[in-house]
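Participant: The following block contains the structure, expressed as structure tokens.
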Amino acid sequence: MEDFVCPRCRTSKFQNPSMKMMVNVCGHGLCESCVDLLFLKGSGSCPECRIPLRRNNFRVQLFEDAGVEKEVDIRKRVLRDFNKKEEDFTSLQDYNDYLEEVETIIYNLTNDIDVLNTNKRIDQYKRDNKEQILKSKGKLGREEYELEELLELEKQREEERKKVIKIEEVEIKKKKIREKEALIDELMFSNADAKNIVDTFAQQAQQAKEEESKKVPQKVSQFSTGIQFGRQNQSTFLPVPTDDGPLYKYIPPEFPTDGPRPPNEIDVIEKNFLNHVRSETEQERAGGFKSNIACLRALQDAMMGLFHSKKSVVL
Amino acid sequence: MFPTSTQCKYWMFESEEDLNKLREKANSRHIQTYGKQVNDASKYEFFLTPEEEKIMVKRFELHLRDFCKRFQPPMPRYVVGTSFHYFKRFYINNSVMNYHPKEIMVTCIYLACKVEEFNVSIQQFVANIKGDREKATDIILNNELLLMEQLSFHLSIHNSYRPVEGLLIDIKSRTNLHDPERLRSGTEHFLERALLTDTILLYSPSQVALAAVLHAASKLQENLDSYVTDTLFGEDGRDKLSELIEAVRAIRSMVKMVDSVPDRNQQKILDKKLDKCRNPENNPDSEIYKKRMQAMLDEDDDVYHAIASHNYSMDNSALNMSIPASPEVA
């Protein structure tokens, strides 16, 4: 509790339960109202260590120890540049060495040990690995990727559950209304003793309730897409869908020609149309432009629209 | 493919009368909007008649052809064909008095260069224009969008050149005509003149191409009739043959009519008349036009300033959020 005292105005969480501690990069806390007061202009210096700070960088203190906040900040900053992933190293030993170095740097910065040299080291690293930093900036590491996937799965599961619950609720509501109506009907039209009827209905309701509680919600083990919950299947491939519908049948597309039928691809070659066009150069062939395509297109264009009739034009 | 193209769907007309009707409509629409104070009887003393408009358009078609011929770097002919299509389409629904043909003409060519992937920059393009190049640049770029809008953004054009190639290949492959390459010069000449007529708005490109080839053949005293009737149309086109023969005949007679050279005296009179009656809102030399352009520019600036300052403030707040610290803090 003692940590929740603002070092400047001495307000504590005890006096003012709505007080919010804020923390900046230097790791020294301030309460919200002091931040408002001191950083009215947007920037100022920390009242404890006199480091220039910007107001926008203040945020609510998450950890009790403000030092941890400071470390989190530094870590974030350092890892922005030291963003190599395990995949970037050839051996585990190298990767571990690298991690060790990063941790040393973070530790030094957090505890103000040899700050000057450490910063130099960071700069040196930045210069040496400029390209690599830029490259891996957008890339998610394998771990992040897995984490993201996990989150996604969780979200999906949550949605599924919500849907089921909603449906169940509606069902229960409907059932209750039905039971009520049945009871009223029974009371209206039956000749039996009203008390008996009410008793039997109450009993039935009790029974139903017991049954309900016995019924353990069935555990769903996979999504509608067929992917299992959890991490047991590492591969992200979808199962091959089994199509039960009729087999796909290829129907060649019909093109309106509005003219005599132009020769087709086989005709162009067999009936010697190609003798009258320039054969393609090597470069053109590499690009996939063969002379028969050009020839075919010219012939098609020549025939298409020959039947074009002014009367058939719809404006 | 022509039968599925917008050219076939929206820009093929039934007859010359239809085209003339549309042009007359554009003419009277213009006079109605801008000549309310003029009474019906004397309106043509001030405004151009539809007939005069047509003469103007014809004249500028010739200009267009010559401009394209002189153009440096030399321009492929399909660009010329496409510009002709644009120019003709534009003046079906627009009056010469509203938009001056000399401005629309260069805009058409510029747009055609782009659409047909004949790469010239605007500087290169206006280097071909005599007179104030900066002004020409402004005119072209200002009119470009208008032109596209008037074309309903139907920009792809099927010219007759590829069908001609196809027909020549076909003739070489399926007839024993002696040296079909002889037909080429006559065909090209015919196609060039066909651009000056309304045929390209009435007949499909392949029909025009066939007419051109047949015309060239007849000039050389060759007969390709059996090729058309038996080889090209064959069994399945028997019933369509008469219509095609009719179309070819019509195209050839229309192209024959082209030759009339415009009368210089009449041209001058028309030019003067047009200078008086043209819509000042679209005349880059008029005060109204200049004012409007200036207003638009100012408006743009205002909008730009607003957006810029907004972006700037957004950037600032975003940057401050995302940069946790400067390195010297620790």
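Convention: chains lettered A, B, ... in structure tokens order; per-chain residue numbering from 1; ligands numbered from 1 as shown.
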Show me, as a PDB file with C-alpha atoms, in the first residue's frame, the residues of chain A whose atoms get within 8 Å of chain B, using only C-alpha atoms for the distance check.

Facilitator:
ATOM      1  CA  VAL A  25       9.835   6.043 -18.878  1.00  0.00           C
ATOM      2  CA  CYS A  26      12.035   6.961 -15.952  1.00  0.00           C
ATOM      3  CA  ILE A  51      14.674  13.851 -16.738  1.00  0.00           C
ATOM      4  CA  PRO A  52      12.671  15.624 -19.460  1.00  0.00           C
ATOM      5  CA  ASN A  56       1.752  11.641 -23.743  1.00  0.00           C
ATOM      6  CA  ASN A  57       4.124   8.981 -22.513  1.00  0.00           C
ATOM      7  CA  ASP A  73       9.429   0.355 -21.207  1.00  0.00           C
ATOM      8  CA  ILE A  74      13.092  -0.238 -21.791  1.00  0.00           C
ATOM      9  CA  ARG A  77      12.349  -0.147 -26.822  1.00  0.00           C
ATOM     10  CA  LEU A 109      19.714   0.252 -18.679  1.00  0.00           C
ATOM     11  CA  THR A 110      17.141  -0.475 -16.019  1.00  0.00           C
ATOM     12  CA  ASP A 112      21.655   2.585 -14.637  1.00  0.00           C
ATOM     13  CA  VAL A 115      24.512   3.539 -19.468  1.00  0.00           C
ATOM     14  CA  ASN A 119      23.775   2.873 -25.431  1.00  0.00           C
ATOM     15  CA  PRO A 256     -21.223 -15.199 -79.078  1.00  0.00           C
ATOM     16  CA  THR A 257     -19.567 -14.702 -82.444  1.00  0.00           C
ATOM     17  CA  ASP A 258     -22.306 -12.945 -84.360  1.00  0.00           C
ATOM     18  CA  GLY A 259     -20.593 -14.125 -87.521  1.00  0.00           C
ATOM     19  CA  PRO A 260     -19.357 -17.239 -89.261  1.00  0.00           C
ATOM     20  CA  LYS A 271      -5.178 -26.009 -92.127  1.00  0.00           C
ATOM     21  CA  ASN A 272      -1.970 -24.068 -92.583  1.00  0.00           C
ATOM     22  CA  PHE A 273      -3.197 -20.692 -91.406  1.00  0.00           C
ATOM     23  CA  ASN A 275       2.051 -20.272 -92.776  1.00  0.00           C
ATOM     24  CA  HIS A 276       0.846 -16.758 -93.318  1.00  0.00           C
ATOM     25  CA  VAL A 277       1.828 -15.185 -90.028  1.00  0.00           C
ATOM     26  CA  CYS A 295      -3.340 -15.619 -85.669  1.00  0.00           C
ATOM     27  CA  ARG A 297      -7.242 -13.565 -82.520  1.00  0.00           C
ATOM     28  CA  ALA A 298      -6.997 -11.857 -85.876  1.00  0.00           C
ATOM     29  CA  LEU A 299      -9.195 -14.503 -87.454  1.00  0.00           C
ATOM     30  CA  GLN A 300     -11.733 -14.295 -84.670  1.00  0.00           C
ATOM     31  CA  ASP A 301     -11.850 -10.526 -84.922  1.00  0.00           C
ATOM     32  CA  ALA A 302     -12.303 -10.784 -88.657  1.00  0.00           C
ATOM     33  CA  MET A 303     -15.315 -13.077 -88.357  1.00  0.00           C
ATOM     34  CA  MET A 304     -16.957 -11.676 -85.278  1.00  0.00           C
ATOM     35  CA  GLY A 305     -19.671  -9.187 -85.966  1.00  0.00           C
ATOM     36  CA  LEU A 306     -19.964  -9.983 -89.658  1.00  0.00           C
ATOM     37  CA  PHE A 307     -23.610 -10.886 -89.036  1.00  0.00           C
ATOM     38  CA  HIS A 308     -24.032  -7.680 -87.095  1.00  0.00           C
ATOM     39  CA  SER A 309     -27.366  -6.270 -88.037  1.00  0.00           C
ATOM     40  CA  LYS A 310     -28.456  -2.747 -87.360  1.00  0.00           C
ATOM     41  CA  LYS A 311     -31.937  -3.887 -86.472  1.00  0.00           C
ATOM     42  CA  VAL A 313     -29.040  -3.296 -81.845  1.00  0.00           C
ATOM     43  CA  VAL A 314     -30.801  -2.533 -78.607  1.00  0.00           C
ATOM     44  CA  LEU A 315     -30.178   0.954 -77.425  1.00  0.00           C
TER      45      LEU A 315
END

Participant: Run DSSP on the backbone of this structure and report the residues of range 73-164 of chain A it assigns to alpha helix (DSSP H), as an MDAnalysis selection string.

Facilitator: chainID A and resid 73:81 92:110 115:128 130:137 142:164

Participant: Need the shell around Glu280 in chain A: protein/DNA/RNA residues with any atom at most 10 Å away, counting only C-alpha atoms. Skip same-chain ones fewer than 5 positions apart. Format as an MDAnalysis selection string?

Facilitator: chainID A and resid 285:286 288:292 294

Participant: Interatomic distance between CA of Leu183 in chain A and CA of Glu210 in chain A?

Facilitator: 19.7 Å

Participant: CA of Pro50 in chain B and CA of Arg23 in chain B, how far apart in Å?

Facilitator: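 Between CA of Arg23 in chain B and CA of Pro50 in chain B the gap is 7.0 Å.
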
Participant: If we count only C-alpha atoms, what is near Ile122 in chain A at a cut-off of 10 Å, once residues fewer than 6 positions away on the same chain are taken out, given as a list in words?

Facilitator: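 Answer for this query is Val78, Asp81, Phe82, Val102, Ile105 and Asp128 of chain A; Pro327 of chain B.
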
Participant: Could the residues in this selection be written to a file with C-alpha atoms, as a PDB file, in the first residue's frame?

Facilitator:
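What landed in again_26.pdb:
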ATOM      1  CA  VAL A  78      15.330  -2.448 -26.942  1.00  0.00           C
ATOM      2  CA  ASP A  81      15.795  -3.118 -32.544  1.00  0.00           C
ATOM      3  CA  PHE A  82      16.933  -6.452 -31.225  1.00  0.00           C
ATOM      4  CA  VAL A 102      19.796  -8.537 -24.858  1.00  0.00           C
ATOM      5  CA  ILE A 105      21.568  -4.599 -22.022  1.00  0.00           C
ATOM      6  CA  ASP A 128      25.439  -3.309 -38.075  1.00  0.00           C
TER       7      ASP A 128
ATOM      8  CA  PRO B 327      17.091   6.870 -26.247  1.00  0.00           C
TER       9      PRO B 327
END

Participant: If I take CA of Ser95 in chain B and CA of Glu53 in chain B, how far is one from the other in Å, to one decimal?

Facilitator: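 Atom-to-atom, CA of Ser95 in chain B and CA of Glu53 in chain B are spaced 7.5 Å apart.
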
Participant: Quick one: everything within 10 Å of Glu192 in chain B, counting only C-alpha atoms, minus sequence neighbours fewer than 4 positions away in the same chain. Send it as a short mmCIF file (atom, residue, chain, number, x, y, z; two decimals) with N, CA, C and O atoms, in the first residue's frame.

Facilitator:
data_model
loop_
_atom_site.label_atom_id
_atom_site.label_comp_id
_atom_site.auth_asym_id
_atom_site.auth_seq_id
_atom_site.Cartn_x
_atom_site.Cartn_y
_atom_site.Cartn_z
N ARG B 65 -7.06 14.00 -88.48
CA ARG B 65 -6.26 13.07 -89.28
C ARG B 65 -4.88 13.65 -89.55
O ARG B 65 -3.86 12.98 -89.38
N ARG B 77 -1.55 3.35 -86.10
CA ARG B 77 -2.83 3.78 -86.69
C ARG B 77 -4.02 3.47 -85.81
O ARG B 77 -5.04 4.14 -85.89
N VAL B 80 -5.05 6.42 -83.97
CA VAL B 80 -5.83 7.34 -84.80
C VAL B 80 -7.28 6.88 -84.86
O VAL B 80 -8.21 7.66 -84.66
N GLY B 81 -7.45 5.57 -85.13
CA GLY B 81 -8.81 5.04 -85.21
C GLY B 81 -9.58 5.28 -83.93
O GLY B 81 -10.73 5.72 -83.95
N THR B 187 -6.58 -1.35 -99.16
CA THR B 187 -7.37 -1.54 -97.95
C THR B 187 -7.10 -0.43 -96.95
O THR B 187 -8.03 0.14 -96.37
N GLU B 188 -5.82 -0.13 -96.79
CA GLU B 188 -5.48 0.89 -95.79
C GLU B 188 -6.03 2.25 -96.19
O GLU B 188 -6.55 2.99 -95.36
N LEU B 196 -13.52 8.90 -91.80
CA LEU B 196 -14.13 10.22 -91.96
C LEU B 196 -15.65 10.14 -92.13
O LEU B 196 -16.32 11.16 -92.20
N THR B 197 -16.16 8.93 -92.23
CA THR B 197 -17.62 8.78 -92.40
C THR B 197 -18.24 8.28 -91.11
O THR B 197 -17.56 8.05 -90.12
N ALA B 212 -13.50 -2.99 -96.98
CA ALA B 212 -12.22 -2.43 -97.42
C ALA B 212 -11.47 -3.42 -98.29
O ALA B 212 -10.95 -3.05 -99.36
N VAL B 255 -18.19 5.70 -98.18
CA VAL B 255 -16.79 6.09 -98.24
C VAL B 255 -16.49 6.85 -99.53
O VAL B 255 -15.68 7.78 -99.55
#

Participant: I want to know what sits within 12 Å of Thr200 in chain A, based on only C-alpha atoms, with residues of the same chain fewer than 6 positions away left out; could you give that as a PyMOL selection string?

Facilitator: chain A and resi 179+182-183+186-187+192-194+206-207
